[in-house]
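S.K.: Sharing a structure below in structure tokens format, with a few things to ask.
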Amino acid sequence: PALYLPTRTQMVPELQQAQALIFVDNLDVTGNDMASLVNVAPKCTFILISTRRATTDGKSLRLQGLPDSDAVGLFEEKIEQALDDNGKQDAVQICELLKGSPDLIIRLAIRGADKDEAPGQLLAELKAAGLDDKALADLSTAGLNPNEKKLLAFLAVTGEDPVPMPIIQARFPDFDVAAALDHLKSMHLAQSHSPRYSLCGTLPAILAGAWDLRSAQDDMLQTASSWLSQQAPSDA
């Protein structure tokens, strides 16, 4: 049947005999949960991709950022112009400070293009601000209006998990949510999983480290609970 879901009791014997290479992206479990995931299929090889430090007995490999040439190419692509030699040198320093992170490079380049700032100006700002979560949050959200920042905080509560559009609209009925999301998408701050939305790349972790999200967490719980309670079951 199309909606058939096997039980754990039915799945485990099959998984224990399976032999496969399994990629798990955006892994968000730790400790015993991660061990259980791996042990349920002992004949499989797992590649677990996560922003968290691994806690299994497997080999950990920290992914490196882009090499300078690719990083600068990405920077030029996002500002939509070729840089001269001086501009490229500034861009190299920016990308090295950002450790070659594509996500951060894209976000800073778009911000520079939006404000018509040269790479040298962006480099000076980056050196002055530093690279902790608060500094990166300030650089990423500079120029946003209060409603857009509230929207970012609301989405940050769920980390990398997308939030349905009706829940977002239920929380913010007093401004144009669609227009705000479009602007955040253009700044590489939010992304669409139509009709759901989440923050881009490393931004959830940055905002969680820089902002007090407790009020937003309460808002999310209250809004999601209220919205779900209003969803009447479909008639058979």
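By convention here, the chains of the structure tokens are called A, B, ... in the order presented, each chain's residues are numbered starting at 1, and ligands are numbered starting at 1 in the order presented.
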Just want the 9 Å neighbourhood of region 13-16 of chain A, counted on only C-alpha atoms, with same-chain residues fewer than 3 positions away dropped. Output as a VMD selection string.
M.R.: chain A and resid 9 to 10 19 39 to 44
S.K.: Hey, what's within 10 Å of Phe46 (chain A) if we count only C-alpha atoms and toss same-chain stuff fewer than 4 positions away? As an mmCIF file with all heavy atoms, in the first residue's frame, please?
M.R.:
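As written to disk, result_22.cif reads:
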```
data_model
loop_
_atom_site.group_PDB
_atom_site.id
_atom_site.type_symbol
_atom_site.label_atom_id
_atom_site.label_comp_id
_atom_site.auth_asym_id
_atom_site.auth_seq_id
_atom_site.Cartn_x
_atom_site.Cartn_y
_atom_site.Cartn_z
ATOM 1 N N ALA A 20 25.314 -1.800 2.373
ATOM 2 C CA ALA A 20 25.181 -0.593 1.557
ATOM 3 C C ALA A 20 26.071 0.509 2.112
ATOM 4 O O ALA A 20 26.526 0.449 3.268
ATOM 5 C CB ALA A 20 23.723 -0.122 1.528
ATOM 6 N N LEU A 21 26.330 1.503 1.276
ATOM 7 C CA LEU A 21 26.996 2.732 1.699
ATOM 8 C C LEU A 21 25.906 3.768 1.892
ATOM 9 O O LEU A 21 25.187 4.105 0.961
ATOM 10 C CB LEU A 21 27.997 3.202 0.639
ATOM 11 C CG LEU A 21 28.678 4.561 0.889
ATOM 12 C CD1 LEU A 21 29.490 4.530 2.174
ATOM 13 C CD2 LEU A 21 29.545 4.942 -0.307
ATOM 14 N N ILE A 22 25.758 4.263 3.124
ATOM 15 C CA ILE A 22 24.642 5.137 3.477
ATOM 16 C C ILE A 22 25.169 6.520 3.871
ATOM 17 O O ILE A 22 25.998 6.644 4.780
ATOM 18 C CB ILE A 22 23.823 4.545 4.644
ATOM 19 C CG1 ILE A 22 23.257 3.176 4.241
ATOM 20 C CG2 ILE A 22 22.703 5.491 5.047
ATOM 21 C CD1 ILE A 22 22.541 2.456 5.364
ATOM 22 N N PHE A 23 24.679 7.540 3.168
ATOM 23 C CA PHE A 23 24.999 8.927 3.505
ATOM 24 C C PHE A 23 23.835 9.502 4.318
ATOM 25 O O PHE A 23 22.685 9.400 3.908
ATOM 26 C CB PHE A 23 25.192 9.768 2.242
ATOM 27 C CG PHE A 23 26.470 9.489 1.499
ATOM 28 C CD1 PHE A 23 26.564 8.403 0.641
ATOM 29 C CD2 PHE A 23 27.570 10.314 1.652
ATOM 30 C CE1 PHE A 23 27.730 8.140 -0.063
ATOM 31 C CE2 PHE A 23 28.748 10.061 0.961
ATOM 32 C CZ PHE A 23 28.828 8.974 0.097
ATOM 33 N N VAL A 24 24.156 10.093 5.464
ATOM 34 C CA VAL A 24 23.142 10.767 6.276
ATOM 35 C C VAL A 24 23.564 12.231 6.413
ATOM 36 O O VAL A 24 24.524 12.552 7.116
ATOM 37 C CB VAL A 24 22.989 10.119 7.665
ATOM 38 C CG1 VAL A 24 21.880 10.819 8.450
ATOM 39 C CG2 VAL A 24 22.698 8.630 7.541
ATOM 40 N N LEU A 37 21.777 4.246 15.593
ATOM 41 C CA LEU A 37 21.585 4.389 14.160
ATOM 42 C C LEU A 37 22.596 3.539 13.400
ATOM 43 O O LEU A 37 22.244 2.849 12.430
ATOM 44 C CB LEU A 37 21.728 5.860 13.766
ATOM 45 C CG LEU A 37 21.718 6.181 12.272
ATOM 46 C CD1 LEU A 37 20.359 5.865 11.676
ATOM 47 C CD2 LEU A 37 22.077 7.638 12.042
ATOM 48 N N VAL A 38 23.843 3.578 13.828
ATOM 49 C CA VAL A 38 24.894 2.833 13.139
ATOM 50 C C VAL A 38 24.780 1.335 13.414
ATOM 51 O O VAL A 38 24.923 0.505 12.508
ATOM 52 C CB VAL A 38 26.282 3.361 13.563
ATOM 53 C CG1 VAL A 38 27.391 2.479 12.987
ATOM 54 C CG2 VAL A 38 26.453 4.809 13.123
ATOM 55 N N ALA A 41 22.364 -1.360 11.532
ATOM 56 C CA ALA A 41 22.754 -1.926 10.231
ATOM 57 C C ALA A 41 24.263 -2.183 10.245
ATOM 58 O O ALA A 41 25.036 -1.458 9.613
ATOM 59 C CB ALA A 41 22.369 -0.983 9.106
ATOM 60 N N PRO A 42 24.706 -3.210 10.951
ATOM 61 C CA PRO A 42 26.143 -3.413 11.185
ATOM 62 C C PRO A 42 26.955 -3.740 9.932
ATOM 63 O O PRO A 42 28.173 -3.584 9.934
ATOM 64 C CB PRO A 42 26.161 -4.591 12.171
ATOM 65 C CG PRO A 42 24.862 -5.304 11.937
ATOM 66 C CD PRO A 42 23.875 -4.229 11.600
ATOM 67 N N GLY A 58 33.768 5.921 15.017
ATOM 68 C CA GLY A 58 34.235 6.029 13.643
ATOM 69 C C GLY A 58 35.260 7.137 13.467
ATOM 70 O O GLY A 58 35.538 7.926 14.374
#
```
S.K.: Leaving out Asp138 (chain A) and any residue of its chain fewer than 4 positions from it, which residues lie within 12 Å of it when counting only C-alpha atoms, given as a list in words?
M.R.: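 After dropping sequence-adjacent residues, the list is Leu108, Arg111, Glu125, Leu126, Ala129, Gly130, Leu131, Asp132, Asp133, Lys134, Ala142, Gly143, Leu144, Lys149, Leu203, Ile206, Leu207, Gly209, Ala210 and Trp211 of chain A.
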S.K.: May I have the residues within 8 Å of Leu74 (chain A) as a compact mmCIF listing (two decimals) with N, CA and C atoms, in the first residue's frame, using only C-alpha atoms and disregarding those fewer than 6 positions away in the same chain?
M.R.:
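Contents of result_18.txt, as written:
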```txt
# COMPACT_ATOMS: atom_id res chain seq x y z
N PRO A 102 31.75 28.49 1.99
CA PRO A 102 30.92 29.03 0.89
C PRO A 102 29.73 29.82 1.41
N ILE A 105 30.88 33.23 2.64
CA ILE A 105 31.37 34.02 1.51
C ILE A 105 30.20 34.57 0.70
N ILE A 106 29.22 33.71 0.41
CA ILE A 106 28.05 34.15 -0.36
C ILE A 106 27.33 35.26 0.38
```
S.K.: Return as a ChimeraX atom specification the full set of residues in region 48-137 of chain A whose backbone-based DSSP assignment is alpha helix (DSSP H).
M.R.: /A:68-79,85-97,102-114,119-129,133-137
S.K.: Measuring atom to atom with only C-alpha atoms, identify which of A:Ser101, A:Trp227, A:Cys200, A:Phe75 is nearest to Gly159 (chain A).
M.R.: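 Distance minimum relative to Gly159 (chain A) lands on A:Cys200.
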S.K.: Would you work out the distance separating CA of Lys88 (chain A) from CA of Lys127 (chain A), expressed in Å to one decimal?
M.R.: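 Distance reported for this atom pair: 16.7 Å.
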S.K.: Compile the contact shell of Val163 (chain A) as an MDAnalysis selection string: residues with an atom at most 10 Å away, counting only C-alpha atoms, same-chain residues fewer than 3 positions apart removed.
M.R.: chainID A and resid 154:160 166:168 192:199 220 224
S.K.: Quick one: write out the picked residues with N, CA, C and O atoms as a PDB file, in the first residue's frame?
M.R.:
```pdb
ATOM      1  N   PHE A 154      12.556  33.650  14.711  1.00  0.00           N
ATOM      2  CA  PHE A 154      11.510  32.619  14.732  1.00  0.00           C
ATOM      3  C   PHE A 154      11.968  31.381  13.975  1.00  0.00           C
ATOM      4  O   PHE A 154      11.823  30.250  14.464  1.00  0.00           O
ATOM      5  N   LEU A 155      12.555  31.565  12.791  1.00  0.00           N
ATOM      6  CA  LEU A 155      13.044  30.438  12.011  1.00  0.00           C
ATOM      7  C   LEU A 155      14.270  29.784  12.644  1.00  0.00           C
ATOM      8  O   LEU A 155      14.486  28.576  12.492  1.00  0.00           O
ATOM      9  N   ALA A 156      15.065  30.570  13.370  1.00  0.00           N
ATOM     10  CA  ALA A 156      16.273  30.020  13.994  1.00  0.00           C
ATOM     11  C   ALA A 156      15.950  28.993  15.066  1.00  0.00           C
ATOM     12  O   ALA A 156      16.764  28.120  15.374  1.00  0.00           O
ATOM     13  N   VAL A 157      14.756  29.089  15.644  1.00  0.00           N
ATOM     14  CA  VAL A 157      14.358  28.172  16.717  1.00  0.00           C
ATOM     15  C   VAL A 157      14.408  26.726  16.255  1.00  0.00           C
ATOM     16  O   VAL A 157      14.780  25.826  17.008  1.00  0.00           O
ATOM     17  N   THR A 158      14.050  26.467  15.008  1.00  0.00           N
ATOM     18  CA  THR A 158      13.988  25.094  14.512  1.00  0.00           C
ATOM     19  C   THR A 158      15.295  24.640  13.872  1.00  0.00           C
ATOM     20  O   THR A 158      15.356  23.547  13.296  1.00  0.00           O
ATOM     21  N   GLY A 159      16.336  25.451  13.960  1.00  0.00           N
ATOM     22  CA  GLY A 159      17.621  25.059  13.390  1.00  0.00           C
ATOM     23  C   GLY A 159      17.538  24.945  11.883  1.00  0.00           C
ATOM     24  O   GLY A 159      17.138  25.874  11.193  1.00  0.00           O
ATOM     25  N   GLU A 160      17.911  23.774  11.358  1.00  0.00           N
ATOM     26  CA  GLU A 160      17.893  23.565   9.913  1.00  0.00           C
ATOM     27  C   GLU A 160      16.540  23.049   9.426  1.00  0.00           C
ATOM     28  O   GLU A 160      16.333  22.892   8.218  1.00  0.00           O
ATOM     29  N   PRO A 166       2.060  28.486   6.731  1.00  0.00           N
ATOM     30  CA  PRO A 166       0.908  28.890   7.546  1.00  0.00           C
ATOM     31  C   PRO A 166       1.272  29.198   8.995  1.00  0.00           C
ATOM     32  O   PRO A 166       0.662  30.084   9.608  1.00  0.00           O
ATOM     33  N   ILE A 167       2.263  28.499   9.544  1.00  0.00           N
ATOM     34  CA  ILE A 167       2.684  28.781  10.921  1.00  0.00           C
ATOM     35  C   ILE A 167       3.391  30.138  10.986  1.00  0.00           C
ATOM     36  O   ILE A 167       3.184  30.918  11.929  1.00  0.00           O
ATOM     37  N   ILE A 168       4.207  30.422   9.988  1.00  0.00           N
ATOM     38  CA  ILE A 168       4.890  31.723   9.953  1.00  0.00           C
ATOM     39  C   ILE A 168       3.870  32.851   9.847  1.00  0.00           C
ATOM     40  O   ILE A 168       3.954  33.861  10.556  1.00  0.00           O
ATOM     41  N   SER A 192      13.750  28.532   0.580  1.00  0.00           N
ATOM     42  CA  SER A 192      12.400  28.002   0.437  1.00  0.00           C
ATOM     43  C   SER A 192      12.431  26.504   0.198  1.00  0.00           C
ATOM     44  O   SER A 192      13.264  25.996  -0.549  1.00  0.00           O
ATOM     45  N   HIS A 193      11.527  25.801   0.886  1.00  0.00           N
ATOM     46  CA  HIS A 193      11.250  24.386   0.629  1.00  0.00           C
ATOM     47  C   HIS A 193       9.742  24.324   0.381  1.00  0.00           C
ATOM     48  O   HIS A 193       8.999  23.680   1.106  1.00  0.00           O
ATOM     49  N   SER A 194       9.307  25.054  -0.607  1.00  0.00           N
ATOM     50  CA  SER A 194       7.903  25.394  -0.834  1.00  0.00           C
ATOM     51  C   SER A 194       6.948  24.285  -0.408  1.00  0.00           C
ATOM     52  O   SER A 194       7.093  23.146  -0.831  1.00  0.00           O
ATOM     53  N   PRO A 195       5.970  24.605   0.479  1.00  0.00           N
ATOM     54  CA  PRO A 195       5.692  25.937   1.051  1.00  0.00           C
ATOM     55  C   PRO A 195       6.257  26.107   2.465  1.00  0.00           C
ATOM     56  O   PRO A 195       5.578  26.584   3.366  1.00  0.00           O
ATOM     57  N   ARG A 196       7.492  25.671   2.680  1.00  0.00           N
ATOM     58  CA  ARG A 196       8.131  25.803   3.987  1.00  0.00           C
ATOM     59  C   ARG A 196       9.415  26.618   3.834  1.00  0.00           C
ATOM     60  O   ARG A 196       9.945  26.734   2.736  1.00  0.00           O
ATOM     61  N   TYR A 197       9.913  27.131   4.976  1.00  0.00           N
ATOM     62  CA  TYR A 197      11.106  27.979   4.934  1.00  0.00           C
ATOM     63  C   TYR A 197      12.049  27.639   6.086  1.00  0.00           C
ATOM     64  O   TYR A 197      11.608  27.257   7.173  1.00  0.00           O
ATOM     65  N   SER A 198      13.345  27.809   5.825  1.00  0.00           N
ATOM     66  CA  SER A 198      14.350  27.635   6.868  1.00  0.00           C
ATOM     67  C   SER A 198      15.458  28.647   6.636  1.00  0.00           C
ATOM     68  O   SER A 198      15.503  29.312   5.591  1.00  0.00           O
ATOM     69  N   LEU A 199      16.366  28.757   7.594  1.00  0.00           N
ATOM     70  CA  LEU A 199      17.527  29.624   7.435  1.00  0.00           C
ATOM     71  C   LEU A 199      18.595  28.916   6.610  1.00  0.00           C
ATOM     72  O   LEU A 199      18.622  27.687   6.515  1.00  0.00           O
ATOM     73  N   MET A 220       7.178  30.012  19.027  1.00  0.00           N
ATOM     74  CA  MET A 220       7.064  28.871  18.127  1.00  0.00           C
ATOM     75  C   MET A 220       6.177  27.787  18.730  1.00  0.00           C
ATOM     76  O   MET A 220       5.289  27.235  18.051  1.00  0.00           O
ATOM     77  N   ALA A 224       2.684  27.039  16.905  1.00  0.00           N
ATOM     78  CA  ALA A 224       2.550  25.730  16.269  1.00  0.00           C
ATOM     79  C   ALA A 224       1.451  24.910  16.931  1.00  0.00           C
ATOM     80  O   ALA A 224       0.660  24.246  16.252  1.00  0.00           O
TER      81      ALA A 224
END
```
S.K.: Taking the chain letters and numbering used in this document, name the residues of region 132-216 of chain A that DSSP puts in strand (DSSP E or B), as a list in words.
M.R.: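 Filtering region 132-216 of chain A down to strand (DSSP E or B) leaves Val163, Pro164, Ala190, Gln191, Ser192, His193, Arg196, Tyr197, Ser198 and Leu199 of chain A.
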S.K.: With a distance cut-off of 10 Å and only C-alpha atoms, select the neighbouring residues of Leu181 (chain A), excluding the residue or stretch itself and same-chain residues fewer than 2 positions from it, and output the selection as number ranges by chain.
M.R.: A: 148, 151-152, 176-179, 183-187, 189-192, 197-198
S.K.: Could the residues in this selection be saved with N, CA, C and O atoms as a PDB file, in the first residue's frame?
M.R.:
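The resulting part.pdb:
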```pdb
ATOM      1  N   GLU A 148      11.937  41.750   9.926  1.00  0.00           N
ATOM      2  CA  GLU A 148      12.762  40.711   9.299  1.00  0.00           C
ATOM      3  C   GLU A 148      13.651  40.020  10.336  1.00  0.00           C
ATOM      4  O   GLU A 148      13.865  38.803  10.268  1.00  0.00           O
ATOM      5  N   LEU A 151      11.538  37.616  12.246  1.00  0.00           N
ATOM      6  CA  LEU A 151      11.289  36.446  11.413  1.00  0.00           C
ATOM      7  C   LEU A 151      12.494  35.514  11.420  1.00  0.00           C
ATOM      8  O   LEU A 151      12.349  34.281  11.513  1.00  0.00           O
ATOM      9  N   LEU A 152      13.698  36.071  11.351  1.00  0.00           N
ATOM     10  CA  LEU A 152      14.907  35.251  11.431  1.00  0.00           C
ATOM     11  C   LEU A 152      14.985  34.510  12.763  1.00  0.00           C
ATOM     12  O   LEU A 152      15.321  33.317  12.804  1.00  0.00           O
ATOM     13  N   ASP A 176       3.741  41.843   5.884  1.00  0.00           N
ATOM     14  CA  ASP A 176       3.757  41.009   4.679  1.00  0.00           C
ATOM     15  C   ASP A 176       4.885  39.978   4.795  1.00  0.00           C
ATOM     16  O   ASP A 176       6.046  40.270   4.464  1.00  0.00           O
ATOM     17  N   VAL A 177       4.545  38.797   5.269  1.00  0.00           N
ATOM     18  CA  VAL A 177       5.545  37.743   5.492  1.00  0.00           C
ATOM     19  C   VAL A 177       6.197  37.322   4.178  1.00  0.00           C
ATOM     20  O   VAL A 177       7.413  37.107   4.121  1.00  0.00           O
ATOM     21  N   ALA A 178       5.412  37.185   3.121  1.00  0.00           N
ATOM     22  CA  ALA A 178       5.952  36.738   1.840  1.00  0.00           C
ATOM     23  C   ALA A 178       7.023  37.697   1.321  1.00  0.00           C
ATOM     24  O   ALA A 178       8.078  37.277   0.836  1.00  0.00           O
ATOM     25  N   ALA A 179       6.753  38.996   1.435  1.00  0.00           N
ATOM     26  CA  ALA A 179       7.733  39.990   0.980  1.00  0.00           C
ATOM     27  C   ALA A 179       8.992  39.947   1.836  1.00  0.00           C
ATOM     28  O   ALA A 179      10.115  40.054   1.319  1.00  0.00           O
ATOM     29  N   HIS A 183      12.885  38.985   0.593  1.00  0.00           N
ATOM     30  CA  HIS A 183      14.087  39.794   0.844  1.00  0.00           C
ATOM     31  C   HIS A 183      15.160  38.966   1.547  1.00  0.00           C
ATOM     32  O   HIS A 183      16.345  39.025   1.188  1.00  0.00           O
ATOM     33  N   LEU A 184      14.763  38.167   2.524  1.00  0.00           N
ATOM     34  CA  LEU A 184      15.729  37.331   3.232  1.00  0.00           C
ATOM     35  C   LEU A 184      16.350  36.298   2.296  1.00  0.00           C
ATOM     36  O   LEU A 184      17.542  35.989   2.402  1.00  0.00           O
ATOM     37  N   LYS A 185      15.565  35.774   1.367  1.00  0.00           N
ATOM     38  CA  LYS A 185      16.099  34.835   0.380  1.00  0.00           C
ATOM     39  C   LYS A 185      17.117  35.523  -0.520  1.00  0.00           C
ATOM     40  O   LYS A 185      18.160  34.945  -0.854  1.00  0.00           O
ATOM     41  N   SER A 186      16.834  36.754  -0.919  1.00  0.00           N
ATOM     42  CA  SER A 186      17.757  37.480  -1.794  1.00  0.00           C
ATOM     43  C   SER A 186      19.083  37.771  -1.103  1.00  0.00           C
ATOM     44  O   SER A 186      20.110  37.928  -1.773  1.00  0.00           O
ATOM     45  N   MET A 187      19.074  37.812   0.231  1.00  0.00           N
ATOM     46  CA  MET A 187      20.285  38.071   1.010  1.00  0.00           C
ATOM     47  C   MET A 187      20.968  36.778   1.459  1.00  0.00           C
ATOM     48  O   MET A 187      21.924  36.812   2.234  1.00  0.00           O
ATOM     49  N   LEU A 189      19.825  34.555   3.429  1.00  0.00           N
ATOM     50  CA  LEU A 189      19.568  34.346   4.850  1.00  0.00           C
ATOM     51  C   LEU A 189      18.490  33.286   5.067  1.00  0.00           C
ATOM     52  O   LEU A 189      18.516  32.589   6.087  1.00  0.00           O
ATOM     53  N   ALA A 190      17.555  33.181   4.150  1.00  0.00           N
ATOM     54  CA  ALA A 190      16.492  32.183   4.245  1.00  0.00           C
ATOM     55  C   ALA A 190      16.388  31.451   2.915  1.00  0.00           C
ATOM     56  O   ALA A 190      16.834  31.946   1.875  1.00  0.00           O
ATOM     57  N   GLN A 191      15.813  30.251   2.967  1.00  0.00           N
ATOM     58  CA  GLN A 191      15.631  29.465   1.750  1.00  0.00           C
ATOM     59  C   GLN A 191      14.258  28.811   1.774  1.00  0.00           C
ATOM     60  O   GLN A 191      13.680  28.570   2.839  1.00  0.00           O
ATOM     61  N   SER A 192      13.750  28.532   0.580  1.00  0.00           N
ATOM     62  CA  SER A 192      12.400  28.002   0.437  1.00  0.00           C
ATOM     63  C   SER A 192      12.431  26.504   0.198  1.00  0.00           C
ATOM     64  O   SER A 192      13.264  25.996  -0.549  1.00  0.00           O
ATOM     65  N   TYR A 197       9.913  27.131   4.976  1.00  0.00           N
ATOM     66  CA  TYR A 197      11.106  27.979   4.934  1.00  0.00           C
ATOM     67  C   TYR A 197      12.049  27.639   6.086  1.00  0.00           C
ATOM     68  O   TYR A 197      11.608  27.257   7.173  1.00  0.00           O
ATOM     69  N   SER A 198      13.345  27.809   5.825  1.00  0.00           N
ATOM     70  CA  SER A 198      14.350  27.635   6.868  1.00  0.00           C
ATOM     71  C   SER A 198      15.458  28.647   6.636  1.00  0.00           C
ATOM     72  O   SER A 198      15.503  29.312   5.591  1.00  0.00           O
TER      73      SER A 198
END
```
